[in-house]
Amino acid sequence: MSAWPLALPFDQSLTLKMAGKTLIPNSNVPSPSSFSISPAMEAMAENPKRRPRRRRAAAAAAAGEPGAGAAVAATAVEDMEDFAKGEAESLRASLLRWYDEHRRSLPWRAASGVDEAERAYAVWVSEVMLQQTRVAVVVDYYNRWMKRWPTLRRLASASQEEVNEMWAGLGYYRRARFLLEGAKCIVDKGEFPRTASALRRVPGIGNYTAGAIASIAFNEAAPVVDGNVVRVISRLKAISANPKETATVKRFWKLAGQLVDPLRPGDFNQAIMELGATLCSRTNPGCSSCPISKQCKALSLSKDTKSVEVTDFPAKVLKAKQRHDFAAVCVVQIMQGADENHVFLLVKRPEEGLLAGLWEFPSVPLDEDKVDVGLRRKEMDKYLKKSFNLDIRRNCKVVSREDVGEYVHIFSHIRLRMYVELMILTIEGNLDKLAKSEEQCKLTWKFFDVSSIETMGLTSGVRKVYNMIKGIKEKKLSHPTRGTRKRIKSL
Ligand code: SF4
């Protein structure tokens with residue numbers, strides 16, 4: 001039921017068979033595993049004599065078949081029609097009227113009327129958070145953030161650790177890092193950039209965020225294009241080209257630029273995004289209450305042609321296949337006197353790459369065929385010795401060591417299976433005596449007590465590991481004579 005292929009001409013050299021489907025590679029993703037399915041190409045692969053649907057539709061239109069003219073209206077990206085002046089004006093008026101009546105009351109919208117730079121800061125924080133998760137979740141995060149750092153200047157004086165702590169649970173910590181870097185950069189320059197092009201020069205501010213801040217806070221007629229805007233425009237224009245293709249993305253920006261209201265650009269951008277987030281939803285659009293249904297080509301196509309549905313737009317693009325990774329994670333607890341003085345070893349991840357600069361328990365990557373407990377422990381022992389001078393045969397004593405369980409953490413492109421163990425140690429002398437070689441100095445690591453770990457900004461994966469450990473300890477406390485899980489080996 002998906003729309004037919006329009007982004008690319010049919011070219012047999014491009015086709016690939018996967019699970020019985022013919023797929024179009026998504027050229028924006030280098031991995032050959034990312035494709036959008038083209039039903040017409042699928043049909044042609046099944047029956048090479050069959051004409052692609054677009055040509056069939058064109059032939060049917062020429063023959064005067066009912067509904068065929070509408071089907072031809074879906075065009076290739078280079079042929080995508082601009083919005084005519086009158087069409088754009090009518091869409092703006094309808095959307096703004098609807099927005100004035102139906103806009104959701106959200107805390108960052110309450111910032112209207114305040115100083116422009118303050119508003120820009122509020123828009124920036126909310127937009128970055130909204131790129132992470134749903135509005136309902138963002139509201140809480142936003143309110144806590146603004147309570148702690150009500151101004152850009154206050155944020156600029158925060159530490160990365162404090163920002164991570166506040167961001168914990170939202171994921172993709174790189175965005176939080178850029179917020180802090182961007183805040184410092186703007187404070188250094190002394191003025192909040194007022195145009196989309198100037199905003200794009202701030203670290204971490206891309207086209208979308210620049211458009212949102214410039215239009216909402218500074219009233220510049222700059223467009224925004226996010227998933228919601230793509231959905232609305234692709235339905236309005238019945239665009240079935242691959243929305244991830246660079247050429248299509250460029251066209252969406254151009255079309256959004258033609259639509260944005262010159263007098264109320266911020267409200268217009270929020271209106272079109274709000275329509276996409278509420279009425280024009282991905283799977284269940286409420287076309288009967290839509291303020292722009294009269295101009296919606298996808299709706300008219302779906303009425304004229306039984307096999308077309310509005311949800312066929314935008315074209316579906318298969319996600320890149322996830323990579324499967326494996327890691328041994330060791331929660332190292334050092335005993336020193338009373339329980340509350342026990343500490344845990346945490347390591348800072350490198351400043352570049354996945355989860356850059358965030359704290360985690362010591363972990364080592366594993367090959368898929370080397371995950372049995374003996375091999376994992378061997379790898380971990382080598383790592384602890386080399387990186388932290390923790391030698392379980394020489395300078396420390398293992399009080400207990402047990403497997404706690406496995407946990408699979410899903411990143412957008414990686415499925416990481418972690419084999420978690422808890423190792424409780426005592427060490428000879430005090431912690432400061434752990435010597436640091438040159439190799440060890442390359443790593444940033446630290447011992448944290450329980451109360452620090454409870455409050456610090458840990459990624460959801462690390463927090464999950466910590467909670468597994470807590471769960472084991474609590475079970476032991478409630479059933480002191482029963483093992484919570486088979487102890488693999490105590491050294
Ligand atoms: S008519 Fe339906 S599909 Fe078209 S824009 Fe409105 S809600 Fe979306």
# chains A, B, ... in the order shown; residues from 1 in each chain; ligands from 1
>>> residues_near_ligand(ligand="ligand 1", cutoff="9 Å", atoms="only C-alpha atoms and all ligand atoms", output="number ranges by chain")
A: 231-236, 275-276, 278-282, 284-300, 309-311, 313
>>> select_by_dssp(residues="region 141-357 of chain A", states="alpha helix (DSSP H)", output="PyMOL selection string")
chain A and resi 141-148+152-156+160-167+173-189+196-199+207-218+227-236+246-259+265-277+297-304
>>> closest_residue(among="A:Lys316, A:Arg417, A:Lys254, A:Gln131", to="Thr283 (chain A)", atoms="only C-alpha atoms")
A:Lys316
>>> closest_residue(among="A:Leu431, A:Leu366, A:Ile453, A:Val138", to="Ile334 (chain A)", atoms="only C-alpha atoms")
A:Leu431
>>> closest_residue(among="A:Ala93, A:Glu360, A:Gly204, A:Val308", to="Leu263 (chain A)", atoms="only C-alpha atoms")
A:Ala93
>>> atom_distance(atom1="CA of Tyr208 (chain A)", atom2="CA of Glu351 (chain A)")
25.2 Å
>>> residues_around(residues="Pro262 (chain A)", least_positions_apart="5", cutoff="9 Å", atoms="only C-alpha atoms", output="number ranges by chain")
A: 219-222
>>> select_by_dssp(residues="region 233-480 of chain A", states="strand (DSSP E)", output="ChimeraX atom specification")
/A:323-334,343-348,359-360,363-366,396-410,414-427,445-449
